[in-house]
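Undergrad: What follows is the file structure-v1.cif, containing mmCIF, C-alpha atoms and all ligand atoms:
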data_entry
loop_
_atom_site.label_atom_id
_atom_site.label_comp_id
_atom_site.auth_asym_id
_atom_site.auth_seq_id
_atom_site.Cartn_x
_atom_site.Cartn_y
_atom_site.Cartn_z
CA MET A 24 45.07 -16.92 -19.87
CA LEU A 25 45.69 -19.65 -22.48
CA LYS A 26 42.13 -20.91 -22.00
CA LYS A 27 40.79 -17.40 -22.66
CA PHE A 28 42.93 -17.07 -25.77
CA ASN A 29 41.73 -20.47 -27.04
CA GLN A 30 38.12 -19.47 -26.46
CA PHE A 31 38.66 -16.18 -28.28
CA PHE A 32 40.46 -17.91 -31.17
CA HIS A 33 37.67 -20.46 -31.62
CA GLN A 34 35.00 -17.75 -31.47
CA GLN A 35 36.83 -15.92 -34.24
CA LEU A 36 37.27 -19.15 -36.21
CA ASN A 37 33.55 -19.83 -36.00
CA ARG A 38 32.91 -16.51 -37.73
CA ILE A 39 34.74 -17.67 -40.84
CA ASP A 40 32.30 -18.64 -43.56
CA MET A 41 33.26 -22.04 -44.98
CA SER A 42 30.02 -22.69 -46.81
CA PHE A 43 30.24 -23.17 -50.57
CA THR A 44 27.47 -23.52 -53.10
CA PRO A 45 28.54 -25.38 -56.25
CA PHE A 46 28.20 -23.43 -59.46
CA ILE A 47 28.96 -23.43 -63.18
CA ALA A 48 31.52 -20.92 -64.45
CA ASN A 49 32.40 -20.05 -67.99
CA VAL A 50 36.15 -19.55 -68.20
CA ASN A 51 37.66 -18.97 -71.62
CA GLY A 52 34.67 -20.58 -73.32
CA LYS A 53 34.86 -23.70 -71.13
CA ARG A 54 31.84 -24.65 -69.02
CA LEU A 55 33.37 -25.57 -65.68
CA GLN A 56 31.67 -27.14 -62.70
CA ILE A 57 33.14 -25.81 -59.44
CA MET A 58 32.37 -27.55 -56.17
CA GLN A 59 33.75 -28.39 -52.76
CA ALA A 60 36.02 -31.45 -52.75
CA THR A 61 35.09 -34.59 -50.85
CA ASP A 62 36.91 -37.89 -50.30
CA ASP A 63 35.19 -39.16 -53.45
CA ASN A 64 37.36 -36.77 -55.49
CA ILE A 65 40.67 -38.06 -54.10
CA PRO A 66 41.33 -40.66 -56.86
CA ASP A 67 40.82 -37.89 -59.47
CA LEU A 68 43.02 -35.51 -57.46
CA LEU A 69 45.87 -38.05 -57.40
CA VAL A 70 45.60 -38.58 -61.17
CA LEU A 71 45.67 -34.81 -61.75
CA GLU A 72 48.73 -34.44 -59.53
CA GLU A 73 50.55 -37.16 -61.47
CA GLN A 74 49.82 -35.34 -64.73
CA VAL A 75 50.95 -32.00 -63.34
CA TYR A 76 54.07 -33.18 -61.50
CA SER A 77 55.38 -35.74 -64.06
CA GLY A 78 54.24 -38.84 -62.21
CA ARG A 79 54.89 -37.57 -58.69
CA THR A 80 52.19 -36.94 -56.08
CA PRO A 81 53.54 -34.40 -53.57
CA TRP A 82 50.21 -34.77 -51.76
CA ASN A 83 49.30 -38.44 -51.25
CA LYS A 84 45.90 -39.96 -50.41
CA PHE A 85 46.51 -39.48 -46.69
CA SER A 86 47.43 -35.76 -47.06
CA PHE A 87 44.24 -35.10 -49.02
CA GLU A 88 42.10 -37.05 -46.53
CA ARG A 89 43.61 -35.13 -43.62
CA GLU A 90 43.01 -31.74 -45.26
CA LEU A 91 39.50 -32.53 -46.50
CA GLU A 92 38.49 -33.43 -42.94
CA LYS A 93 39.16 -29.87 -41.75
CA ARG A 94 35.91 -28.44 -43.04
CA HIS A 95 35.74 -25.89 -40.21
CA ASN A 96 38.69 -23.92 -41.59
CA CYS A 97 39.69 -25.37 -44.96
CA LEU A 98 38.13 -24.91 -48.35
CA TYR A 99 39.13 -27.31 -51.15
CA LEU A 100 37.55 -26.73 -54.53
CA VAL A 101 37.57 -29.06 -57.51
CA VAL A 102 36.89 -28.05 -61.09
CA TYR A 103 35.35 -30.47 -63.56
CA TYR A 104 35.07 -30.05 -67.31
CA GLU A 105 32.53 -32.57 -68.55
CA SER A 106 33.44 -35.55 -66.31
CA MET A 107 37.13 -34.76 -66.06
CA LEU A 108 38.87 -33.12 -63.08
CA VAL A 109 40.87 -30.26 -64.60
CA ALA A 110 41.91 -28.18 -61.59
CA PHE A 111 41.77 -27.74 -57.86
CA ILE A 112 42.69 -25.23 -55.19
CA GLY A 113 42.87 -25.49 -51.42
CA ALA A 114 43.07 -22.89 -48.69
CA ARG A 115 43.20 -22.77 -44.92
CA PHE A 116 41.57 -19.89 -43.08
CA THR A 117 42.40 -18.40 -39.68
CA PRO A 118 40.82 -15.24 -38.29
CA GLU A 119 43.77 -13.20 -39.64
CA GLU A 120 45.16 -15.04 -42.60
CA THR A 121 44.07 -17.09 -45.59
CA HIS A 122 46.78 -19.54 -46.67
CA ILE A 123 46.61 -21.18 -50.09
CA THR A 124 47.93 -24.70 -49.56
CA ASN A 125 47.67 -26.13 -53.06
CA ILE A 126 46.68 -25.23 -56.61
CA ALA A 127 47.04 -27.18 -59.84
CA VAL A 128 45.59 -27.09 -63.33
CA ALA A 129 45.80 -30.10 -65.70
CA PRO A 130 48.48 -29.52 -68.37
CA ALA A 131 45.96 -29.52 -71.24
CA PHE A 132 43.98 -26.78 -69.48
CA GLN A 133 46.86 -24.54 -68.37
CA ASN A 134 47.29 -20.97 -69.58
CA MET A 135 43.51 -20.59 -70.06
CA HIS A 136 43.02 -18.44 -66.95
CA ILE A 137 41.56 -21.24 -64.83
CA GLY A 138 44.32 -20.81 -62.23
CA ARG A 139 43.74 -17.07 -62.12
CA TYR A 140 39.99 -17.63 -61.72
CA LEU A 141 40.50 -20.01 -58.78
CA MET A 142 42.99 -17.69 -57.09
CA GLN A 143 40.49 -14.85 -57.41
CA LEU A 144 37.74 -17.00 -55.86
CA ILE A 145 39.89 -17.60 -52.77
CA ILE A 146 40.99 -13.95 -52.60
CA ASP A 147 37.32 -12.88 -52.72
CA ARG A 148 36.50 -15.34 -49.93
CA ALA A 149 39.44 -14.00 -47.89
CA CYS A 150 38.04 -10.46 -48.30
CA GLU A 151 34.56 -11.61 -47.25
CA ASN A 152 36.11 -13.23 -44.17
CA ASP A 153 37.98 -10.01 -43.37
CA SER A 154 41.44 -11.65 -43.65
CA ASP A 155 44.43 -9.35 -43.33
CA CYS A 156 46.26 -11.20 -46.08
CA VAL A 157 46.44 -14.20 -48.38
CA SER A 158 49.71 -16.13 -48.27
CA LEU A 159 51.26 -19.12 -50.02
CA GLU A 160 54.54 -20.92 -50.65
CA VAL A 161 55.91 -21.45 -54.13
CA ARG A 162 59.02 -23.20 -55.38
CA VAL A 163 61.73 -20.60 -56.04
CA ASP A 164 62.17 -21.99 -59.58
CA ASN A 165 58.43 -21.99 -60.44
CA GLU A 166 58.43 -18.86 -62.57
CA ILE A 167 55.02 -19.45 -64.17
CA ALA A 168 53.21 -19.69 -60.83
CA GLN A 169 55.15 -16.71 -59.44
CA LYS A 170 54.17 -14.66 -62.50
CA LEU A 171 50.51 -15.44 -61.85
CA TYR A 172 50.77 -14.56 -58.16
CA ARG A 173 52.64 -11.30 -58.80
CA SER A 174 50.05 -10.28 -61.40
CA LEU A 175 47.42 -10.66 -58.66
CA GLY A 176 49.39 -8.40 -56.31
CA PHE A 177 51.36 -10.97 -54.26
CA GLU A 178 54.88 -10.03 -53.22
CA GLY A 179 57.75 -12.26 -52.09
CA THR A 180 58.48 -11.98 -48.37
CA PHE A 181 61.05 -14.58 -47.30
CA ILE A 182 62.63 -17.88 -48.32
CA ARG A 183 62.03 -21.18 -46.55
CA LYS A 184 65.16 -23.32 -47.08
CA ASN A 185 64.69 -26.97 -48.19
CA TYR A 186 60.93 -26.60 -47.87
CA TYR A 187 60.05 -29.29 -50.43
CA HIS A 188 61.24 -32.66 -49.12
CA ASP A 189 61.03 -34.43 -52.50
CA THR A 190 63.50 -32.17 -54.32
CA HIS A 191 65.01 -30.15 -51.41
CA THR A 192 63.99 -27.00 -53.26
CA ASP A 193 63.59 -23.73 -51.36
CA ALA A 194 60.18 -22.09 -51.16
CA MET A 195 59.36 -18.42 -51.42
CA ASN A 196 56.61 -17.21 -49.12
CA MET A 197 54.40 -14.75 -50.96
CA VAL A 198 51.75 -12.49 -49.50
CA LEU A 199 48.90 -10.44 -50.87
CA TRP A 200 48.06 -7.74 -48.35
CA LEU A 201 44.37 -6.97 -48.18
CA LYS A 202 44.64 -4.21 -45.59
CA PRO A 203 47.37 -1.76 -46.65
CA HIS A 204 47.53 0.05 -43.31
CA GLN A 205 48.77 -3.18 -41.70
CA ILE A 206 51.68 -3.78 -44.06
CA LYS A 207 54.38 -2.26 -41.84
CA ARG A 208 53.25 -3.89 -38.61
CA LYS A 209 52.96 -7.30 -40.29
CA LYS A 210 56.29 -7.17 -42.10
CA PHE A 211 58.24 -6.58 -38.90
CA THR A 212 56.57 -9.46 -37.08
CA PHE A 213 57.82 -12.14 -39.48
C1 LIG B 301 50.60 -22.37 -61.81
C2 LIG B 301 49.26 -22.80 -62.41
C3 LIG B 301 48.32 -23.20 -61.28
C4 LIG B 301 48.67 -21.61 -63.18
O1 LIG B 301 47.40 -21.97 -63.63
P1 LIG B 301 46.92 -21.60 -65.13
O2 LIG B 301 45.49 -21.86 -65.22
O3 LIG B 301 47.81 -22.33 -66.09
O4 LIG B 301 47.28 -20.06 -65.19
P2 LIG B 301 46.45 -18.92 -65.92
O5 LIG B 301 46.05 -19.39 -67.28
O6 LIG B 301 45.39 -18.47 -65.02
O7 LIG B 301 47.56 -17.85 -66.14
C5 LIG B 301 47.77 -16.84 -65.23
C6 LIG B 301 49.11 -16.17 -65.55
O8 LIG B 301 50.17 -17.09 -65.32
C7 LIG B 301 51.15 -16.91 -66.33
N1 LIG B 301 51.23 -18.12 -67.14
C8 LIG B 301 50.37 -19.18 -67.12
N2 LIG B 301 50.80 -20.12 -67.96
C9 LIG B 301 51.95 -19.67 -68.52
C10 LIG B 301 52.89 -20.21 -69.44
N3 LIG B 301 52.73 -21.41 -69.97
N4 LIG B 301 53.95 -19.45 -69.74
C11 LIG B 301 54.14 -18.24 -69.20
N5 LIG B 301 53.28 -17.65 -68.34
C12 LIG B 301 52.21 -18.37 -67.99
C13 LIG B 301 50.71 -15.73 -67.15
O9 LIG B 301 51.25 -14.57 -66.53
C14 LIG B 301 49.23 -15.74 -66.98
O10 LIG B 301 48.63 -14.50 -67.08
P3 LIG B 301 48.23 -13.83 -68.49
O11 LIG B 301 47.82 -14.95 -69.42
O12 LIG B 301 47.09 -12.93 -68.15
O13 LIG B 301 49.47 -13.15 -68.89
C15 LIG B 301 49.44 -23.98 -63.42
O14 LIG B 301 50.39 -23.61 -64.37
C16 LIG B 301 49.85 -25.30 -62.76
O15 LIG B 301 49.02 -26.09 -62.33
N6 LIG B 301 51.17 -25.52 -62.66
C17 LIG B 301 51.67 -26.76 -62.07
C18 LIG B 301 51.39 -26.84 -60.58
C19 LIG B 301 51.94 -25.64 -59.88
O16 LIG B 301 53.02 -25.15 -60.19
N7 LIG B 301 51.19 -25.16 -58.86
C20 LIG B 301 51.58 -24.01 -58.09
C21 LIG B 301 52.16 -24.42 -56.82
S1 LIG B 301 52.63 -23.02 -55.83
#
Show me the file's structure as structure tokens.
Ligand SMILES: CC(C)(COP(=O)(O)OP(=O)(O)OC[C@H]1O[C@@H](n2cnc3c(N)ncnc32)[C@H](O)[C@@H]1OP(=O)(O)O)[C@@H](O)C(=O)NCCC(=O)NCCS

TA:
Amino acid sequence: MLKKFNQFFHQQLNRIDMSFTPFIANVNGKRLQIMQATDDNIPDLLVLEEQVYSGRTPWNKFSFERELEKRHNCLYLVVYYESMLVAFIGARFTPEETHITNIAVAPAFQNMHIGRYLMQLIIDRACENDSDCVSLEVRVDNEIAQKLYRSLGFEGTFIRKNYYHDTHTDAMNMVLWLKPHQIKRKKFTF
């Protein structure tokens, strides 16, 4: 039975499109290069994290390496302006759900709609892959990020206590439902 389920799950996983063609986007007058992250980007990713989280790196070199390896179900995108990494976003895909694992925009480039643009890219990919929903965790005190997510249609579902080890802050799980008829069934299964 378990073997059959595993076979079915992997067949479904193989249907998820993880390909990504790099492209140039114009966001708020800025010419941005958007491409799939590789290990070569990790030093830039760590610098960006330090800028965004006041010297801390919630994701270290090892976490990035581990995630970037999972090319069969993870999509990590980096955004360069000229030769500078200014943003990134990561997401993990299963046959049912797309989970955004990480997003950050360099302080000097925040509030220019780059975050919104990246979120929309992942939401579009989730729709193409026929996901039921897009989910994420956000610190309960991160009002700016929550405002962005709510404006895209995400709603808070439940709290994960002490989710962030560094500060012991609680996380709010937020979900954007892509298939309205499934809302009731999904909500009761949490
Ligand atoms: C959260 C984050 C990714 C948003 O990216 P961004 O590019 O700055 O956001 P956008 O410019 O796309 O703004 C989208 C919305 O967020 C809100 N917002 C963004 N910056 C804001 C600010 N400084 N003050 C108030 N609202 C703000 C606004 O509602 C805005 O929409 P609007 O301008 O149409 O009203 C970015 O602020 C960031 O990297 N923060 C630090 C890391 C982080 O918190 N990551 C999220 C982890 S869950």

Undergrad: Using all atoms listed in the file, I'd like a table of the residues in chain A that come within 10 Å of ligand LIG 301 (chain B); for each, show the closest atom pair and its distance in Å rounded to one decimal, ordered by chain and ascending number, as JSON lines.

TA:
{"residue": "A:Val50", "atom": "CA", "partner": "B:LIG301", "partner_atom": "O6", "distance": 9.8}
{"residue": "A:Asn51", "atom": "CA", "partner": "B:LIG301", "partner_atom": "O5", "distance": 9.5}
{"residue": "A:Leu71", "atom": "CA", "partner": "B:LIG301", "partner_atom": "O15", "distance": 9.4}
{"residue": "A:Glu72", "atom": "CA", "partner": "B:LIG301", "partner_atom": "C18", "distance": 8.1}
{"residue": "A:Gln74", "atom": "CA", "partner": "B:LIG301", "partner_atom": "C17", "distance": 9.2}
{"residue": "A:Val75", "atom": "CA", "partner": "B:LIG301", "partner_atom": "C17", "distance": 5.4}
{"residue": "A:Tyr76", "atom": "CA", "partner": "B:LIG301", "partner_atom": "C17", "distance": 6.9}
{"residue": "A:Ser77", "atom": "CA", "partner": "B:LIG301", "partner_atom": "C17", "distance": 9.9}
{"residue": "A:Val109", "atom": "CA", "partner": "B:LIG301", "partner_atom": "O15", "distance": 9.4}
{"residue": "A:Ala110", "atom": "CA", "partner": "B:LIG301", "partner_atom": "O15", "distance": 7.4}
{"residue": "A:Phe111", "atom": "CA", "partner": "B:LIG301", "partner_atom": "C3", "distance": 8.7}
{"residue": "A:Ile112", "atom": "CA", "partner": "B:LIG301", "partner_atom": "C3", "distance": 8.5}
{"residue": "A:Ile123", "atom": "CA", "partner": "B:LIG301", "partner_atom": "S1", "distance": 8.5}
{"residue": "A:Thr124", "atom": "CA", "partner": "B:LIG301", "partner_atom": "S1", "distance": 8.0}
{"residue": "A:Asn125", "atom": "CA", "partner": "B:LIG301", "partner_atom": "C21", "distance": 6.1}
{"residue": "A:Ile126", "atom": "CA", "partner": "B:LIG301", "partner_atom": "N7", "distance": 5.0}
{"residue": "A:Ala127", "atom": "CA", "partner": "B:LIG301", "partner_atom": "O15", "distance": 3.4}
{"residue": "A:Val128", "atom": "CA", "partner": "B:LIG301", "partner_atom": "O15", "distance": 3.7}
{"residue": "A:Ala129", "atom": "CA", "partner": "B:LIG301", "partner_atom": "O15", "distance": 6.1}
{"residue": "A:Pro130", "atom": "CA", "partner": "B:LIG301", "partner_atom": "O15", "distance": 7.0}
{"residue": "A:Ala131", "atom": "CA", "partner": "B:LIG301", "partner_atom": "O3", "distance": 9.0}
{"residue": "A:Phe132", "atom": "CA", "partner": "B:LIG301", "partner_atom": "O2", "distance": 6.7}
{"residue": "A:Gln133", "atom": "CA", "partner": "B:LIG301", "partner_atom": "O3", "distance": 3.3}
{"residue": "A:Asn134", "atom": "CA", "partner": "B:LIG301", "partner_atom": "O5", "distance": 3.1}
{"residue": "A:Met135", "atom": "CA", "partner": "B:LIG301", "partner_atom": "O5", "distance": 4.0}
{"residue": "A:His136", "atom": "CA", "partner": "B:LIG301", "partner_atom": "O6", "distance": 3.1}
{"residue": "A:Ile137", "atom": "CA", "partner": "B:LIG301", "partner_atom": "O2", "distance": 4.0}
{"residue": "A:Gly138", "atom": "CA", "partner": "B:LIG301", "partner_atom": "O2", "distance": 3.4}
{"residue": "A:Arg139", "atom": "CA", "partner": "B:LIG301", "partner_atom": "O6", "distance": 3.6}
{"residue": "A:Tyr140", "atom": "CA", "partner": "B:LIG301", "partner_atom": "O6", "distance": 6.4}
{"residue": "A:Leu141", "atom": "CA", "partner": "B:LIG301", "partner_atom": "O6", "distance": 8.1}
{"residue": "A:Met142", "atom": "CA", "partner": "B:LIG301", "partner_atom": "O6", "distance": 8.3}
{"residue": "A:Gln143", "atom": "CA", "partner": "B:LIG301", "partner_atom": "O6", "distance": 9.7}
{"residue": "A:Leu159", "atom": "CA", "partner": "B:LIG301", "partner_atom": "S1", "distance": 7.1}
{"residue": "A:Glu160", "atom": "CA", "partner": "B:LIG301", "partner_atom": "S1", "distance": 5.9}
{"residue": "A:Val161", "atom": "CA", "partner": "B:LIG301", "partner_atom": "S1", "distance": 4.0}
{"residue": "A:Arg162", "atom": "CA", "partner": "B:LIG301", "partner_atom": "S1", "distance": 6.4}
{"residue": "A:Val163", "atom": "CA", "partner": "B:LIG301", "partner_atom": "S1", "distance": 9.4}
{"residue": "A:Asp164", "atom": "CA", "partner": "B:LIG301", "partner_atom": "O16", "distance": 9.7}
{"residue": "A:Asn165", "atom": "CA", "partner": "B:LIG301", "partner_atom": "O16", "distance": 6.3}
{"residue": "A:Glu166", "atom": "CA", "partner": "B:LIG301", "partner_atom": "N5", "distance": 7.8}
{"residue": "A:Ile167", "atom": "CA", "partner": "B:LIG301", "partner_atom": "C12", "distance": 4.9}
{"residue": "A:Ala168", "atom": "CA", "partner": "B:LIG301", "partner_atom": "C1", "distance": 3.9}
{"residue": "A:Gln169", "atom": "CA", "partner": "B:LIG301", "partner_atom": "C1", "distance": 7.6}
{"residue": "A:Lys170", "atom": "CA", "partner": "B:LIG301", "partner_atom": "O9", "distance": 5.0}
{"residue": "A:Leu171", "atom": "CA", "partner": "B:LIG301", "partner_atom": "O8", "distance": 3.9}
{"residue": "A:Tyr172", "atom": "CA", "partner": "B:LIG301", "partner_atom": "O8", "distance": 7.6}
{"residue": "A:Arg173", "atom": "CA", "partner": "B:LIG301", "partner_atom": "O9", "distance": 8.5}
{"residue": "A:Ser174", "atom": "CA", "partner": "B:LIG301", "partner_atom": "O9", "distance": 6.8}
{"residue": "A:Leu175", "atom": "CA", "partner": "B:LIG301", "partner_atom": "C6", "distance": 9.0}
{"residue": "A:Ala194", "atom": "CA", "partner": "B:LIG301", "partner_atom": "S1", "distance": 8.9}
{"residue": "A:Met195", "atom": "CA", "partner": "B:LIG301", "partner_atom": "S1", "distance": 9.3}
{"residue": "A:Asn196", "atom": "CA", "partner": "B:LIG301", "partner_atom": "S1", "distance": 9.7}
{"residue": "A:Met197", "atom": "CA", "partner": "B:LIG301", "partner_atom": "S1", "distance": 9.8}

Undergrad: Of the candidates A:Arg183, A:His191, A:Arg38, A:Arg79, which shows the shortest atom-to-atom distance to Ser154 (chain A), using all atoms listed in the file?

TA: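 Checking each candidate against Ser154 (chain A), we get A:Arg38 as the closest.
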
Undergrad: Which neighbours of region 97-102 of chain A fall inside 6 Å, counting all atoms listed in the file, when residues of the same chain fewer than 2 positions from it are skipped, and could you give them as a compact mmCIF listing (two decimals) with C-alpha atoms, keeping the file's coordinate frame?

TA:
# COMPACT_ATOMS: atom_id res chain seq x y z
CA GLN A 56 31.67 -27.14 -62.70
CA ILE A 57 33.14 -25.81 -59.44
CA MET A 58 32.37 -27.55 -56.17
CA GLN A 59 33.75 -28.39 -52.76
CA ALA A 60 36.02 -31.45 -52.75
CA LYS A 93 39.16 -29.87 -41.75
CA ARG A 94 35.91 -28.44 -43.04
CA LEU A 108 38.87 -33.12 -63.08
CA VAL A 109 40.87 -30.26 -64.60
CA ALA A 110 41.91 -28.18 -61.59
CA PHE A 111 41.77 -27.74 -57.86
CA ILE A 112 42.69 -25.23 -55.19
CA GLY A 113 42.87 -25.49 -51.42
CA ALA A 114 43.07 -22.89 -48.69
CA ARG A 115 43.20 -22.77 -44.92

Undergrad: Find the residue from A:Ala48, A:Leu144, A:Phe181, A:Met41 that sits nearest to Asp193 (chain A); use all atoms listed in the file when measuring.

TA: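 Ranking A:Ala48, A:Leu144, A:Phe181, A:Met41 by distance to Asp193 (chain A), first place goes to A:Phe181.
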
Undergrad: Which one is closest to Asn64 (chain A): A:Trp200, A:Phe87, A:Tyr186, A:Trp82? Count all atoms listed in the file.

TA: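 Residue with the minimum atom-to-atom distance to Asn64 (chain A): A:Phe87.
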
Undergrad: Using CA of Asp155 (chain A) and CA of Glu119 (chain A) as the two end points, give the distance in Å to one decimal.

TA: 5.4 Å

Undergrad: Kindly indicate which residue among A:Ile145, A:Val70, A:Cys150, A:Leu55 lies nearest to Ser106 (chain A), using all atoms listed in the file for the distances.

TA: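 Closest to Ser106 (chain A) of all the choices is A:Leu55.
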
Undergrad: For a test of reading the model, state the distance in Å between CA of Asp63 (chain A) and CA of Asp147 (chain A), rounded to one decimal.

TA: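 Rounded to one decimal, the two atoms are 26.4 Å apart.
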
Undergrad: Quick one: pull the distance between CA of Phe177 (chain A) and CA of Val157 (chain A), Å, one decimal.

TA: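 CA of Val157 (chain A) lies 8.3 Å from CA of Phe177 (chain A).
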
Undergrad: Output requested as a tab-separated table (two decimals), keeping the file's coordinate frame - region 107-115 of chain A, filled out with all heavy atoms.

TA:
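Okay, this is what ended up in result-v2.tsv:
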chain	number	residue	atom	x	y	z
A	107	MET	N	35.70	-34.69	-66.32
A	107	MET	CA	37.13	-34.76	-66.06
A	107	MET	C	37.56	-33.69	-65.05
A	107	MET	O	37.18	-32.52	-65.19
A	107	MET	CB	37.85	-34.49	-67.40
A	107	MET	CG	39.28	-34.90	-67.44
A	107	MET	SD	40.12	-34.28	-68.92
A	107	MET	CE	38.85	-33.83	-70.03
A	108	LEU	N	38.33	-34.11	-64.02
A	108	LEU	CA	38.87	-33.12	-63.08
A	108	LEU	C	39.98	-32.35	-63.78
A	108	LEU	O	40.96	-32.96	-64.24
A	108	LEU	CB	39.43	-33.81	-61.83
A	108	LEU	CG	40.03	-32.84	-60.81
A	108	LEU	CD1	38.94	-32.07	-60.07
A	108	LEU	CD2	40.91	-33.56	-59.81
A	109	VAL	N	39.85	-31.03	-63.87
A	109	VAL	CA	40.87	-30.26	-64.60
A	109	VAL	C	41.65	-29.32	-63.69
A	109	VAL	O	42.69	-28.79	-64.11
A	109	VAL	CB	40.25	-29.49	-65.80
A	109	VAL	CG1	39.70	-30.45	-66.83
A	109	VAL	CG2	39.20	-28.49	-65.35
A	110	ALA	N	41.16	-29.09	-62.47
A	110	ALA	CA	41.91	-28.18	-61.59
A	110	ALA	C	41.40	-28.31	-60.16
A	110	ALA	O	40.30	-28.81	-59.93
A	110	ALA	CB	41.75	-26.73	-62.06
A	111	PHE	N	42.24	-27.85	-59.25
A	111	PHE	CA	41.77	-27.74	-57.86
A	111	PHE	C	42.57	-26.66	-57.16
A	111	PHE	O	43.66	-26.27	-57.59
A	111	PHE	CB	41.86	-29.08	-57.12
A	111	PHE	CG	43.25	-29.54	-56.78
A	111	PHE	CD1	43.81	-29.24	-55.55
A	111	PHE	CD2	44.00	-30.28	-57.68
A	111	PHE	CE1	45.09	-29.66	-55.23
A	111	PHE	CE2	45.28	-30.70	-57.37
A	111	PHE	CZ	45.83	-30.39	-56.14
A	112	ILE	N	41.99	-26.21	-56.04
A	112	ILE	CA	42.69	-25.23	-55.19
A	112	ILE	C	42.27	-25.50	-53.76
A	112	ILE	O	41.13	-25.94	-53.51
A	112	ILE	CB	42.37	-23.77	-55.60
A	112	ILE	CG1	43.28	-22.78	-54.86
A	112	ILE	CG2	40.89	-23.41	-55.36
A	112	ILE	CD1	43.29	-21.37	-55.45
A	113	GLY	N	43.20	-25.30	-52.83
A	113	GLY	CA	42.87	-25.49	-51.42
A	113	GLY	C	43.38	-24.32	-50.60
A	113	GLY	O	44.42	-23.74	-50.92
A	114	ALA	N	42.64	-23.99	-49.56
A	114	ALA	CA	43.07	-22.89	-48.69
A	114	ALA	C	42.64	-23.15	-47.27
A	114	ALA	O	41.62	-23.79	-47.02
A	114	ALA	CB	42.48	-21.57	-49.18
A	115	ARG	N	43.46	-22.63	-46.35
A	115	ARG	CA	43.20	-22.77	-44.92
A	115	ARG	C	42.96	-21.37	-44.37
A	115	ARG	O	43.70	-20.44	-44.71
A	115	ARG	CB	44.47	-23.34	-44.27
A	115	ARG	CG	44.21	-24.26	-43.11
A	115	ARG	CD	45.50	-24.88	-42.66
A	115	ARG	NE	45.93	-26.00	-43.49
A	115	ARG	CZ	47.19	-26.44	-43.53
A	115	ARG	NH1	48.13	-25.85	-42.83
A	115	ARG	NH2	47.50	-27.47	-44.29
